[in-house]
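*Asks:* The structure under discussion is supplied below as structure tokens; questions concerning it will follow.
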Amino acid sequence: MTPRTSGGLLRRHRDFRLLWCGETAGKYGSAVTGVAMPLIAVSTLHADTFEVGLLAATAWAPWLLIGLPVGAWVDRLPRRPVMLAAAAASLVLFASVPVAARTGLLSVGLLLAVALLTGTAAVFFQTAYSAYLAGLLDPADQPEGNAKLHGSASAAQIAGQGSGGLIAQLAGAVNGMFVNAATFLVSLLCLTGIRFREPRVPRAERPPRALAREVAEGLRLIAGDRWLRTLTLFAAASNLALMGYQSIAVVFLVRTVGLAPGLVGGLIAAVSLGGVAGAFCARRVAARVGDARATLLFEVGLAVGALLMPMTVEGPGTALFVAGGVCVTAGVVGGNVIKASFQQRYCPPELLGRLTATSAFISYGTLPLGALLGGALGTALGLRAAMWITTAGIPLAGLILLFSPIRRSRDLPVSPLARRHDGTPARKSAQGGGPLP
């Protein structure tokens, strides 16, 4: 790790700066793809609403298929090589889409295959990345690092989604995939330049079924701890509703509201401004009112704004989509900043990969289900009705937090999670995490 000195983290920590640049570039490219892929399906391949929802579901399906064992594998391996391999695979896969279009091989089936394989790479990258960041930064720097990464990711989404719509309008949606491939090249180069090297992982002889035991340990880690269990179950319920509306938002804006692709990209980019605001405010709000109370403010209070989005109509009525989306993204990103810092200080480093993958398996596992739900509701009931149902689920998910210890606490625990010799989680008392007066 780099010793702490005065000044901001980006200025004084070269390796974090490279990680930040590479991650921001990748998020920008992914944001372009998030607009370009549905537009390719809708405008080039004339896919129906369910097929567009299936495309989003396929991208997240690997979290359900391999999310649990990946956490155990990542804890056995150096994290940076895993990230490098995942970025290289994504580069090749995204570049294959425009190549296939130029050779006449582009189809919905090919898009689904690319979504599945890049989703698999993302499982490895995100699991390794979360654990790698905890080793790269000192504990005192982790909240600032998380805030900067989440804030830049939201800013990259603004630029990526806006330019994704513009590229689709001016040069065709397929060309947006070249942009994404180029950003993964930037990410690959930045990761290569990082000098920090993790401690060598000892090669221990593992008894039969060791992987199954390590996966089970990750599940026990969450199931046996009320704080981790509450946050993970809330994330699963919230993601079901979030992906439900996000999977059909582009189709809703194009086919129901009647907007041009360029304007759709601009609206989705404007929505991402909420993520920048959430990342910027999260640490400040948590320091002022406590991180448990701040979690409720971000994840429950702001979520009510989601109900504005189904009211969107052409003209000035598009402001309703922006206002509701800004509230949702500010709440999600602000809550994620607080949650990431909590998990990194609360979980033993040797188990952080398993915690990340297990919580992602549960919380991200509902994303493909939400995408399928959005597509099915849009097909059966119409897009506006589907938007009403899915956006209503976002504030309803907050009931999990309101009926948990978080509602009675000012702060989330600050002491690391203790472990007994048998590997069962056992909590230490946490300062500042007790009941409210």
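Residues in the structure tokens are numbered from 1 in each chain, the chains being A, B, ... in the order shown, and ligands are numbered from 1 in the order shown.
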Check which residues of range 23-80 of chain A sit at most 9 Å from range 377-398 of chain A using only C-alpha atoms, and return one row each with the closest pair of atoms and their distance in Å to one decimal, ordered by chain and rising number, as CSV.
*Replies:*
```
residue,atom,partner,partner_atom,distance
A:Asp48,CA,A:Thr379,CA,8.4
A:Thr49,CA,A:Thr379,CA,6.2
A:Phe50,CA,A:Thr379,CA,6.4
```
*Asks:* Can you spit out the residues from that selection as an mmCIF file, in the first residue's frame, using all heavy atoms?
*Replies:*
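Here's the written file again_32.cif:
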```cif
data_model
loop_
_atom_site.group_PDB
_atom_site.id
_atom_site.type_symbol
_atom_site.label_atom_id
_atom_site.label_comp_id
_atom_site.auth_asym_id
_atom_site.auth_seq_id
_atom_site.Cartn_x
_atom_site.Cartn_y
_atom_site.Cartn_z
ATOM 1 N N ASP A 48 -38.583 -8.089 -30.343
ATOM 2 C CA ASP A 48 -39.768 -7.695 -29.589
ATOM 3 C C ASP A 48 -39.389 -7.359 -28.150
ATOM 4 O O ASP A 48 -38.232 -7.498 -27.734
ATOM 5 C CB ASP A 48 -40.849 -8.772 -29.649
ATOM 6 C CG ASP A 48 -40.390 -10.116 -29.087
ATOM 7 O OD1 ASP A 48 -39.552 -10.126 -28.156
ATOM 8 O OD2 ASP A 48 -40.861 -11.159 -29.576
ATOM 9 N N THR A 49 -40.381 -6.920 -27.363
ATOM 10 C CA THR A 49 -40.124 -6.465 -25.995
ATOM 11 C C THR A 49 -39.529 -7.565 -25.133
ATOM 12 O O THR A 49 -38.597 -7.337 -24.355
ATOM 13 C CB THR A 49 -41.432 -5.957 -25.356
ATOM 14 O OG1 THR A 49 -41.952 -4.888 -26.147
ATOM 15 C CG2 THR A 49 -41.191 -5.459 -23.940
ATOM 16 N N PHE A 50 -40.023 -8.793 -25.260
ATOM 17 C CA PHE A 50 -39.503 -9.889 -24.440
ATOM 18 C C PHE A 50 -38.055 -10.199 -24.793
ATOM 19 O O PHE A 50 -37.247 -10.482 -23.914
ATOM 20 C CB PHE A 50 -40.367 -11.141 -24.609
ATOM 21 C CG PHE A 50 -39.918 -12.289 -23.730
ATOM 22 C CD1 PHE A 50 -40.217 -12.291 -22.379
ATOM 23 C CD2 PHE A 50 -39.185 -13.340 -24.250
ATOM 24 C CE1 PHE A 50 -39.795 -13.325 -21.557
ATOM 25 C CE2 PHE A 50 -38.762 -14.385 -23.444
ATOM 26 C CZ PHE A 50 -39.070 -14.384 -22.091
#
```
*Asks:* Quick one: residues within 10 Å of range 276-291 of chain A, only C-alpha atoms, excluding same-chain residues fewer than 3 positions away - as a PDB file with N, CA and C atoms, in the first residue's frame?
*Replies:*
```pdb
ATOM      1  N   PRO A 143     -13.067   4.506   2.360  1.00  0.00           N
ATOM      2  CA  PRO A 143     -14.296   5.264   2.083  1.00  0.00           C
ATOM      3  C   PRO A 143     -14.108   6.296   0.969  1.00  0.00           C
ATOM      4  N   GLU A 144     -12.968   7.021   0.978  1.00  0.00           N
ATOM      5  CA  GLU A 144     -12.711   7.990  -0.092  1.00  0.00           C
ATOM      6  C   GLU A 144     -12.556   7.285  -1.435  1.00  0.00           C
ATOM      7  N   ASN A 146     -13.848   4.369  -2.390  1.00  0.00           N
ATOM      8  CA  ASN A 146     -15.159   3.905  -2.852  1.00  0.00           C
ATOM      9  C   ASN A 146     -15.991   5.060  -3.395  1.00  0.00           C
ATOM     10  N   ALA A 147     -15.974   6.200  -2.697  1.00  0.00           N
ATOM     11  CA  ALA A 147     -16.755   7.352  -3.144  1.00  0.00           C
ATOM     12  C   ALA A 147     -16.269   7.844  -4.511  1.00  0.00           C
ATOM     13  N   LYS A 148     -14.947   7.910  -4.689  1.00  0.00           N
ATOM     14  CA  LYS A 148     -14.405   8.378  -5.971  1.00  0.00           C
ATOM     15  C   LYS A 148     -14.732   7.408  -7.102  1.00  0.00           C
ATOM     16  N   LEU A 149     -14.631   6.116  -6.828  1.00  0.00           N
ATOM     17  CA  LEU A 149     -14.914   5.132  -7.871  1.00  0.00           C
ATOM     18  C   LEU A 149     -16.391   5.136  -8.249  1.00  0.00           C
ATOM     19  N   HIS A 150     -17.275   5.204  -7.251  1.00  0.00           N
ATOM     20  CA  HIS A 150     -18.705   5.238  -7.552  1.00  0.00           C
ATOM     21  C   HIS A 150     -19.080   6.551  -8.239  1.00  0.00           C
ATOM     22  N   GLY A 151     -18.473   7.659  -7.804  1.00  0.00           N
ATOM     23  CA  GLY A 151     -18.775   8.944  -8.426  1.00  0.00           C
ATOM     24  C   GLY A 151     -18.321   8.999  -9.870  1.00  0.00           C
ATOM     25  N   SER A 152     -17.106   8.518 -10.138  1.00  0.00           N
ATOM     26  CA  SER A 152     -16.612   8.531 -11.514  1.00  0.00           C
ATOM     27  C   SER A 152     -17.393   7.558 -12.383  1.00  0.00           C
ATOM     28  N   ALA A 153     -17.839   6.443 -11.794  1.00  0.00           N
ATOM     29  CA  ALA A 153     -18.658   5.504 -12.563  1.00  0.00           C
ATOM     30  C   ALA A 153     -19.961   6.161 -13.001  1.00  0.00           C
ATOM     31  N   SER A 154     -20.565   6.948 -12.110  1.00  0.00           N
ATOM     32  CA  SER A 154     -21.805   7.640 -12.467  1.00  0.00           C
ATOM     33  C   SER A 154     -21.541   8.705 -13.523  1.00  0.00           C
ATOM     34  N   ALA A 155     -20.425   9.430 -13.380  1.00  0.00           N
ATOM     35  CA  ALA A 155     -20.081  10.434 -14.393  1.00  0.00           C
ATOM     36  C   ALA A 155     -19.825   9.768 -15.742  1.00  0.00           C
ATOM     37  N   ALA A 156     -19.158   8.604 -15.717  1.00  0.00           N
ATOM     38  CA  ALA A 156     -18.908   7.880 -16.959  1.00  0.00           C
ATOM     39  C   ALA A 156     -20.211   7.408 -17.588  1.00  0.00           C
ATOM     40  N   GLN A 157     -21.178   7.049 -16.756  1.00  0.00           N
ATOM     41  CA  GLN A 157     -22.481   6.651 -17.283  1.00  0.00           C
ATOM     42  C   GLN A 157     -23.166   7.812 -17.986  1.00  0.00           C
ATOM     43  N   ILE A 158     -23.039   9.007 -17.399  1.00  0.00           N
ATOM     44  CA  ILE A 158     -23.641  10.180 -18.034  1.00  0.00           C
ATOM     45  C   ILE A 158     -23.073  10.372 -19.433  1.00  0.00           C
ATOM     46  N   VAL A 271     -30.332  11.141 -16.195  1.00  0.00           N
ATOM     47  CA  VAL A 271     -30.686  10.360 -15.009  1.00  0.00           C
ATOM     48  C   VAL A 271     -29.441  10.006 -14.195  1.00  0.00           C
ATOM     49  N   SER A 272     -28.340   9.728 -14.894  1.00  0.00           N
ATOM     50  CA  SER A 272     -27.107   9.332 -14.204  1.00  0.00           C
ATOM     51  C   SER A 272     -26.500  10.449 -13.376  1.00  0.00           C
ATOM     52  N   LEU A 273     -26.934  11.693 -13.572  1.00  0.00           N
ATOM     53  CA  LEU A 273     -26.473  12.782 -12.710  1.00  0.00           C
ATOM     54  C   LEU A 273     -26.770  12.489 -11.249  1.00  0.00           C
ATOM     55  N   ALA A 294     -28.114   7.239   7.138  1.00  0.00           N
ATOM     56  CA  ALA A 294     -27.883   7.661   5.755  1.00  0.00           C
ATOM     57  C   ALA A 294     -28.336   6.582   4.772  1.00  0.00           C
ATOM     58  N   THR A 295     -28.139   5.311   5.129  1.00  0.00           N
ATOM     59  CA  THR A 295     -28.607   4.218   4.281  1.00  0.00           C
ATOM     60  C   THR A 295     -30.115   4.294   4.091  1.00  0.00           C
ATOM     61  N   LEU A 296     -30.850   4.549   5.170  1.00  0.00           N
ATOM     62  CA  LEU A 296     -32.302   4.680   5.055  1.00  0.00           C
ATOM     63  C   LEU A 296     -32.692   5.877   4.201  1.00  0.00           C
ATOM     64  N   LEU A 297     -31.976   6.978   4.369  1.00  0.00           N
ATOM     65  CA  LEU A 297     -32.284   8.179   3.593  1.00  0.00           C
ATOM     66  C   LEU A 297     -32.095   7.927   2.095  1.00  0.00           C
ATOM     67  N   PHE A 298     -30.961   7.320   1.740  1.00  0.00           N
ATOM     68  CA  PHE A 298     -30.666   7.084   0.329  1.00  0.00           C
ATOM     69  C   PHE A 298     -31.551   5.990  -0.271  1.00  0.00           C
ATOM     70  N   VAL A 326     -33.238  10.425 -11.425  1.00  0.00           N
ATOM     71  CA  VAL A 326     -32.188  11.050 -10.614  1.00  0.00           C
ATOM     72  C   VAL A 326     -32.334  10.641  -9.153  1.00  0.00           C
ATOM     73  N   CYS A 327     -33.561  10.626  -8.649  1.00  0.00           N
ATOM     74  CA  CYS A 327     -33.779  10.199  -7.262  1.00  0.00           C
ATOM     75  C   CYS A 327     -33.319   8.757  -7.056  1.00  0.00           C
ATOM     76  N   VAL A 328     -33.689   7.891  -7.994  1.00  0.00           N
ATOM     77  CA  VAL A 328     -33.339   6.471  -7.855  1.00  0.00           C
ATOM     78  C   VAL A 328     -31.834   6.270  -7.915  1.00  0.00           C
ATOM     79  N   THR A 329     -31.171   6.858  -8.909  1.00  0.00           N
ATOM     80  CA  THR A 329     -29.729   6.636  -9.044  1.00  0.00           C
ATOM     81  C   THR A 329     -28.948   7.267  -7.901  1.00  0.00           C
ATOM     82  N   ALA A 330     -29.395   8.414  -7.410  1.00  0.00           N
ATOM     83  CA  ALA A 330     -28.719   9.021  -6.252  1.00  0.00           C
ATOM     84  C   ALA A 330     -28.830   8.106  -5.043  1.00  0.00           C
ATOM     85  N   GLY A 331     -30.009   7.529  -4.840  1.00  0.00           N
ATOM     86  CA  GLY A 331     -30.190   6.630  -3.707  1.00  0.00           C
ATOM     87  C   GLY A 331     -29.381   5.362  -3.825  1.00  0.00           C
ATOM     88  N   VAL A 332     -29.367   4.770  -5.026  1.00  0.00           N
ATOM     89  CA  VAL A 332     -28.641   3.510  -5.225  1.00  0.00           C
ATOM     90  C   VAL A 332     -27.140   3.712  -5.061  1.00  0.00           C
ATOM     91  N   VAL A 333     -26.588   4.736  -5.717  1.00  0.00           N
ATOM     92  CA  VAL A 333     -25.140   4.951  -5.651  1.00  0.00           C
ATOM     93  C   VAL A 333     -24.715   5.378  -4.245  1.00  0.00           C
ATOM     94  N   GLY A 334     -25.462   6.294  -3.623  1.00  0.00           N
ATOM     95  CA  GLY A 334     -25.131   6.696  -2.260  1.00  0.00           C
ATOM     96  C   GLY A 334     -25.151   5.513  -1.310  1.00  0.00           C
ATOM     97  N   GLY A 335     -26.180   4.662  -1.430  1.00  0.00           N
ATOM     98  CA  GLY A 335     -26.244   3.478  -0.577  1.00  0.00           C
ATOM     99  C   GLY A 335     -25.118   2.500  -0.857  1.00  0.00           C
ATOM    100  N   ASN A 336     -24.723   2.358  -2.127  1.00  0.00           N
ATOM    101  CA  ASN A 336     -23.635   1.438  -2.471  1.00  0.00           C
ATOM    102  C   ASN A 336     -22.292   1.905  -1.924  1.00  0.00           C
ATOM    103  N   VAL A 337     -22.049   3.216  -1.914  1.00  0.00           N
ATOM    104  CA  VAL A 337     -20.806   3.746  -1.339  1.00  0.00           C
ATOM    105  C   VAL A 337     -20.719   3.378   0.138  1.00  0.00           C
ATOM    106  N   ILE A 338     -21.803   3.576   0.858  1.00  0.00           N
ATOM    107  CA  ILE A 338     -21.828   3.272   2.296  1.00  0.00           C
ATOM    108  C   ILE A 338     -21.668   1.771   2.521  1.00  0.00           C
ATOM    109  N   LYS A 339     -22.376   0.971   1.737  1.00  0.00           N
ATOM    110  CA  LYS A 339     -22.316  -0.484   1.911  1.00  0.00           C
ATOM    111  C   LYS A 339     -20.930  -1.033   1.600  1.00  0.00           C
ATOM    112  N   SER A 341     -17.965   0.447   1.813  1.00  0.00           N
ATOM    113  CA  SER A 341     -17.026   0.794   2.880  1.00  0.00           C
ATOM    114  C   SER A 341     -17.294  -0.048   4.123  1.00  0.00           C
ATOM    115  N   PHE A 342     -18.560  -0.288   4.425  1.00  0.00           N
ATOM    116  CA  PHE A 342     -18.922  -1.122   5.579  1.00  0.00           C
ATOM    117  C   PHE A 342     -18.383  -2.541   5.418  1.00  0.00           C
ATOM    118  N   ILE A 406     -31.241  -1.866  11.303  1.00  0.00           N
ATOM    119  CA  ILE A 406     -30.741  -0.612  10.748  1.00  0.00           C
ATOM    120  C   ILE A 406     -31.644   0.549  11.130  1.00  0.00           C
ATOM    121  N   SER A 409     -30.710   2.011  14.536  1.00  0.00           N
ATOM    122  CA  SER A 409     -29.293   2.320  14.748  1.00  0.00           C
ATOM    123  C   SER A 409     -28.915   3.636  14.090  1.00  0.00           C
ATOM    124  N   ARG A 410     -27.918   4.288  14.686  1.00  0.00           N
ATOM    125  CA  ARG A 410     -27.354   5.480  14.046  1.00  0.00           C
ATOM    126  C   ARG A 410     -26.282   5.098  13.043  1.00  0.00           C
ATOM    127  N   ASP A 411     -25.443   4.097  13.420  1.00  0.00           N
ATOM    128  CA  ASP A 411     -24.309   3.690  12.592  1.00  0.00           C
ATOM    129  C   ASP A 411     -24.294   2.191  12.400  1.00  0.00           C
ATOM    130  N   LEU A 412     -23.738   1.772  11.275  1.00  0.00           N
ATOM    131  CA  LEU A 412     -23.426   0.368  11.056  1.00  0.00           C
ATOM    132  C   LEU A 412     -22.178   0.011  11.861  1.00  0.00           C
ATOM    133  N   PRO A 413     -21.974  -1.272  12.200  1.00  0.00           N
ATOM    134  CA  PRO A 413     -20.826  -1.657  13.030  1.00  0.00           C
ATOM    135  C   PRO A 413     -19.494  -1.227  12.420  1.00  0.00           C
ATOM    136  N   GLY A 432     -21.088   2.593  18.365  1.00  0.00           N
ATOM    137  CA  GLY A 432     -21.945   3.445  17.582  1.00  0.00           C
ATOM    138  C   GLY A 432     -23.021   2.710  16.820  1.00  0.00           C
ATOM    139  N   GLY A 433     -23.153   1.390  17.005  1.00  0.00           N
ATOM    140  CA  GLY A 433     -24.137   0.656  16.245  1.00  0.00           C
ATOM    141  C   GLY A 433     -25.316   0.226  17.068  1.00  0.00           C
TER     142      GLY A 433
END
```
*Asks:* Within 6 Å of range 14-27 of chain A, counting only C-alpha atoms, which residues qualify if same-chain residues fewer than 4 places away don't, as JSON, numbers by chain?
*Replies:* {"A": [10, 153, 156, 183, 184, 187, 190, 194]}
*Asks:* When distances are computed from only C-alpha atoms, which of A:Leu367, A:Ile248, A:Val74, A:Ile362 shows the smallest separation from Ala57 in chain A?
*Replies:*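 Looking only at the distances to Ala57 in chain A, the closest residue turns out to be A:Leu367.
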*Asks:* Env of Gly324 in chain A: 8 Å cut, atoms = only C-alpha atoms, seq-sep filter 6 positions within chain, self excluded. Answer as a PDB file with C-alpha atoms, in the first residue's frame.
*Replies:*
```pdb
ATOM      1  CA  GLY A 305     -39.188   9.306  -6.700  1.00  0.00           C
ATOM      2  CA  ALA A 306     -39.225   6.205  -8.934  1.00  0.00           C
ATOM      3  CA  LEU A 307     -43.013   6.585  -9.232  1.00  0.00           C
ATOM      4  CA  LEU A 308     -42.544   9.655 -11.432  1.00  0.00           C
ATOM      5  CA  MET A 309     -41.037   7.689 -14.320  1.00  0.00           C
TER       6      MET A 309
END
```
*Asks:* If you run DSSP on the backbone here, which positions in range 42-88 of chain A get alpha helix (DSSP H)? Please write them as JSON, numbers by chain.
*Replies:* {"A": [49, 50, 51, 52, 53, 54, 55, 56, 57, 58, 59, 60, 61, 62, 63, 64, 65, 66, 67, 68, 69, 70, 71, 72, 73, 74, 75, 76, 79, 80, 81, 82, 83, 84, 85, 86, 87, 88]}
*Asks:* At what distance in Å, to one decimal, does CA of Pro368 in chain A lie from CA of Leu91 in chain A?
*Replies:*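 Taking CA of Leu91 in chain A as the start and CA of Pro368 in chain A as the end point, the length is 22.8 Å.
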*Asks:* For range 67-72 of chain A, work out the shell of residues within 9 Å, counting only C-alpha atoms and skipping chain neighbours fewer than 4 positions away, then give it as a PDB file with N, CA, C and O atoms, in the first residue's frame.
*Replies:*
```pdb
ATOM      1  N   PRO A  62     -24.905 -14.960 -15.436  1.00  0.00           N
ATOM      2  CA  PRO A  62     -23.727 -15.619 -14.854  1.00  0.00           C
ATOM      3  C   PRO A  62     -23.592 -15.457 -13.344  1.00  0.00           C
ATOM      4  O   PRO A  62     -22.969 -16.304 -12.694  1.00  0.00           O
ATOM      5  N   TRP A  63     -24.163 -14.377 -12.784  1.00  0.00           N
ATOM      6  CA  TRP A  63     -24.104 -14.258 -11.319  1.00  0.00           C
ATOM      7  C   TRP A  63     -24.855 -15.401 -10.652  1.00  0.00           C
ATOM      8  O   TRP A  63     -24.466 -15.858  -9.576  1.00  0.00           O
ATOM      9  N   ARG A  76      -8.472 -17.717  -3.783  1.00  0.00           N
ATOM     10  CA  ARG A  76      -7.302 -18.584  -3.921  1.00  0.00           C
ATOM     11  C   ARG A  76      -6.247 -17.993  -4.847  1.00  0.00           C
ATOM     12  O   ARG A  76      -5.134 -18.504  -4.919  1.00  0.00           O
ATOM     13  N   THR A 120     -20.160 -13.143 -17.885  1.00  0.00           N
ATOM     14  CA  THR A 120     -19.285 -14.065 -17.150  1.00  0.00           C
ATOM     15  C   THR A 120     -17.958 -13.390 -16.795  1.00  0.00           C
ATOM     16  O   THR A 120     -17.466 -13.509 -15.665  1.00  0.00           O
ATOM     17  N   VAL A 123     -18.419 -11.072 -13.857  1.00  0.00           N
ATOM     18  CA  VAL A 123     -18.468 -11.732 -12.548  1.00  0.00           C
ATOM     19  C   VAL A 123     -17.061 -11.866 -11.977  1.00  0.00           C
ATOM     20  O   VAL A 123     -16.801 -11.541 -10.812  1.00  0.00           O
ATOM     21  N   PHE A 124     -16.129 -12.349 -12.803  1.00  0.00           N
ATOM     22  CA  PHE A 124     -14.747 -12.501 -12.343  1.00  0.00           C
ATOM     23  C   PHE A 124     -14.128 -11.139 -12.035  1.00  0.00           C
ATOM     24  O   PHE A 124     -13.451 -10.972 -11.009  1.00  0.00           O
ATOM     25  N   THR A 127     -15.773  -9.369  -8.794  1.00  0.00           N
ATOM     26  CA  THR A 127     -15.422 -10.073  -7.556  1.00  0.00           C
ATOM     27  C   THR A 127     -13.965  -9.823  -7.193  1.00  0.00           C
ATOM     28  O   THR A 127     -13.633  -9.512  -6.042  1.00  0.00           O
ATOM     29  N   ALA A 128     -13.062  -9.942  -8.176  1.00  0.00           N
ATOM     30  CA  ALA A 128     -11.642  -9.701  -7.923  1.00  0.00           C
ATOM     31  C   ALA A 128     -11.377  -8.237  -7.600  1.00  0.00           C
ATOM     32  O   ALA A 128     -10.565  -7.913  -6.725  1.00  0.00           O
ATOM     33  N   LEU A 211     -13.856 -26.789  -2.261  1.00  0.00           N
ATOM     34  CA  LEU A 211     -14.574 -25.687  -2.893  1.00  0.00           C
ATOM     35  C   LEU A 211     -15.993 -25.582  -2.343  1.00  0.00           C
ATOM     36  O   LEU A 211     -16.484 -24.491  -2.049  1.00  0.00           O
ATOM     37  N   ALA A 212     -16.662 -26.726  -2.189  1.00  0.00           N
ATOM     38  CA  ALA A 212     -18.028 -26.718  -1.661  1.00  0.00           C
ATOM     39  C   ALA A 212     -18.052 -26.157  -0.247  1.00  0.00           C
ATOM     40  O   ALA A 212     -18.963 -25.397   0.122  1.00  0.00           O
ATOM     41  N   GLU A 214     -15.883 -24.011   1.039  1.00  0.00           N
ATOM     42  CA  GLU A 214     -15.602 -22.579   0.989  1.00  0.00           C
ATOM     43  C   GLU A 214     -16.829 -21.786   0.512  1.00  0.00           C
ATOM     44  O   GLU A 214     -17.105 -20.695   0.998  1.00  0.00           O
ATOM     45  N   VAL A 215     -17.562 -22.353  -0.437  1.00  0.00           N
ATOM     46  CA  VAL A 215     -18.803 -21.708  -0.873  1.00  0.00           C
ATOM     47  C   VAL A 215     -19.800 -21.667   0.271  1.00  0.00           C
ATOM     48  O   VAL A 215     -20.463 -20.642   0.518  1.00  0.00           O
ATOM     49  N   ALA A 216     -19.918 -22.788   0.999  1.00  0.00           N
ATOM     50  CA  ALA A 216     -20.843 -22.840   2.137  1.00  0.00           C
ATOM     51  C   ALA A 216     -20.441 -21.838   3.216  1.00  0.00           C
ATOM     52  O   ALA A 216     -21.298 -21.250   3.882  1.00  0.00           O
ATOM     53  N   GLY A 218     -19.078 -18.920   2.713  1.00  0.00           N
ATOM     54  CA  GLY A 218     -19.560 -17.619   2.279  1.00  0.00           C
ATOM     55  C   GLY A 218     -21.045 -17.447   2.553  1.00  0.00           C
ATOM     56  O   GLY A 218     -21.499 -16.373   2.974  1.00  0.00           O
ATOM     57  N   LEU A 219     -21.828 -18.513   2.336  1.00  0.00           N
ATOM     58  CA  LEU A 219     -23.257 -18.444   2.620  1.00  0.00           C
ATOM     59  C   LEU A 219     -23.517 -18.287   4.116  1.00  0.00           C
ATOM     60  O   LEU A 219     -24.386 -17.515   4.533  1.00  0.00           O
ATOM     61  N   LEU A 351     -11.572 -13.382   3.499  1.00  0.00           N
ATOM     62  CA  LEU A 351     -12.916 -13.839   3.148  1.00  0.00           C
ATOM     63  C   LEU A 351     -13.662 -12.830   2.277  1.00  0.00           C
ATOM     64  O   LEU A 351     -14.822 -13.050   1.938  1.00  0.00           O
ATOM     65  N   LEU A 352     -13.002 -11.735   1.919  1.00  0.00           N
ATOM     66  CA  LEU A 352     -13.710 -10.671   1.218  1.00  0.00           C
ATOM     67  C   LEU A 352     -14.168 -11.104  -0.173  1.00  0.00           C
ATOM     68  O   LEU A 352     -15.241 -10.705  -0.633  1.00  0.00           O
ATOM     69  N   GLY A 353     -13.381 -11.928  -0.848  1.00  0.00           N
ATOM     70  CA  GLY A 353     -13.811 -12.424  -2.152  1.00  0.00           C
ATOM     71  C   GLY A 353     -15.068 -13.262  -2.040  1.00  0.00           C
ATOM     72  O   GLY A 353     -16.004 -13.124  -2.837  1.00  0.00           O
ATOM     73  N   ARG A 354     -15.120 -14.140  -1.038  1.00  0.00           N
ATOM     74  CA  ARG A 354     -16.312 -14.964  -0.846  1.00  0.00           C
ATOM     75  C   ARG A 354     -17.521 -14.124  -0.454  1.00  0.00           C
ATOM     76  O   ARG A 354     -18.637 -14.352  -0.918  1.00  0.00           O
ATOM     77  N   LEU A 355     -17.302 -13.120   0.417  1.00  0.00           N
ATOM     78  CA  LEU A 355     -18.412 -12.246   0.800  1.00  0.00           C
ATOM     79  C   LEU A 355     -18.944 -11.503  -0.420  1.00  0.00           C
ATOM     80  O   LEU A 355     -20.153 -11.421  -0.639  1.00  0.00           O
ATOM     81  N   THR A 356     -18.016 -10.951  -1.231  1.00  0.00           N
ATOM     82  CA  THR A 356     -18.428 -10.208  -2.421  1.00  0.00           C
ATOM     83  C   THR A 356     -19.220 -11.097  -3.374  1.00  0.00           C
ATOM     84  O   THR A 356     -20.296 -10.714  -3.859  1.00  0.00           O
ATOM     85  N   ALA A 357     -18.706 -12.287  -3.642  1.00  0.00           N
ATOM     86  CA  ALA A 357     -19.363 -13.169  -4.604  1.00  0.00           C
ATOM     87  C   ALA A 357     -20.680 -13.711  -4.065  1.00  0.00           C
ATOM     88  O   ALA A 357     -21.663 -13.828  -4.802  1.00  0.00           O
ATOM     89  N   THR A 358     -20.721 -14.053  -2.767  1.00  0.00           N
ATOM     90  CA  THR A 358     -21.951 -14.607  -2.211  1.00  0.00           C
ATOM     91  C   THR A 358     -23.052 -13.564  -2.154  1.00  0.00           C
ATOM     92  O   THR A 358     -24.200 -13.835  -2.519  1.00  0.00           O
ATOM     93  N   SER A 359     -22.708 -12.345  -1.702  1.00  0.00           N
ATOM     94  CA  SER A 359     -23.718 -11.296  -1.665  1.00  0.00           C
ATOM     95  C   SER A 359     -24.150 -10.926  -3.087  1.00  0.00           C
ATOM     96  O   SER A 359     -25.332 -10.657  -3.342  1.00  0.00           O
ATOM     97  N   ALA A 360     -23.195 -10.944  -4.034  1.00  0.00           N
ATOM     98  CA  ALA A 360     -23.542 -10.651  -5.423  1.00  0.00           C
ATOM     99  C   ALA A 360     -24.405 -11.765  -6.012  1.00  0.00           C
ATOM    100  O   ALA A 360     -25.322 -11.494  -6.805  1.00  0.00           O
ATOM    101  N   PHE A 361     -24.128 -13.022  -5.662  1.00  0.00           N
ATOM    102  CA  PHE A 361     -24.947 -14.135  -6.141  1.00  0.00           C
ATOM    103  C   PHE A 361     -26.406 -13.936  -5.737  1.00  0.00           C
ATOM    104  O   PHE A 361     -27.328 -14.151  -6.533  1.00  0.00           O
ATOM    105  N   ILE A 362     -26.610 -13.486  -4.502  1.00  0.00           N
ATOM    106  CA  ILE A 362     -27.980 -13.297  -4.016  1.00  0.00           C
ATOM    107  C   ILE A 362     -28.592 -12.018  -4.583  1.00  0.00           C
ATOM    108  O   ILE A 362     -29.717 -12.014  -5.082  1.00  0.00           O
ATOM    109  N   TYR A 364     -27.344  -9.850  -7.131  1.00  0.00           N
ATOM    110  CA  TYR A 364     -27.324  -9.769  -8.589  1.00  0.00           C
ATOM    111  C   TYR A 364     -28.139 -10.899  -9.222  1.00  0.00           C
ATOM    112  O   TYR A 364     -28.552 -10.801 -10.372  1.00  0.00           O
ATOM    113  N   GLY A 365     -28.325 -11.981  -8.471  1.00  0.00           N
ATOM    114  CA  GLY A 365     -29.084 -13.108  -9.007  1.00  0.00           C
ATOM    115  C   GLY A 365     -30.517 -12.757  -9.353  1.00  0.00           C
ATOM    116  O   GLY A 365     -31.151 -13.421 -10.183  1.00  0.00           O
TER     117      GLY A 365
END
```
*Asks:* Neighbouring residues of Leu401 in chain A were defined as those with any atom within 12 Å, considering only C-alpha atoms; residues of the same chain fewer than 6 positions away were excluded. Please report them as a list in words.
*Replies:*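 Contacts, in chain order: Arg226, Trp227, Leu228, Arg229, Thr230, Leu231, Thr232, Leu233, Phe234, Ala235, Ala237, Ser238, Ala292, Arg293, Ala294, Thr295, Leu296, Leu297, Phe298, Glu299, Val300, Gly301, Gly335, Pro395, Arg407, Arg408 and Ser409 of chain A.
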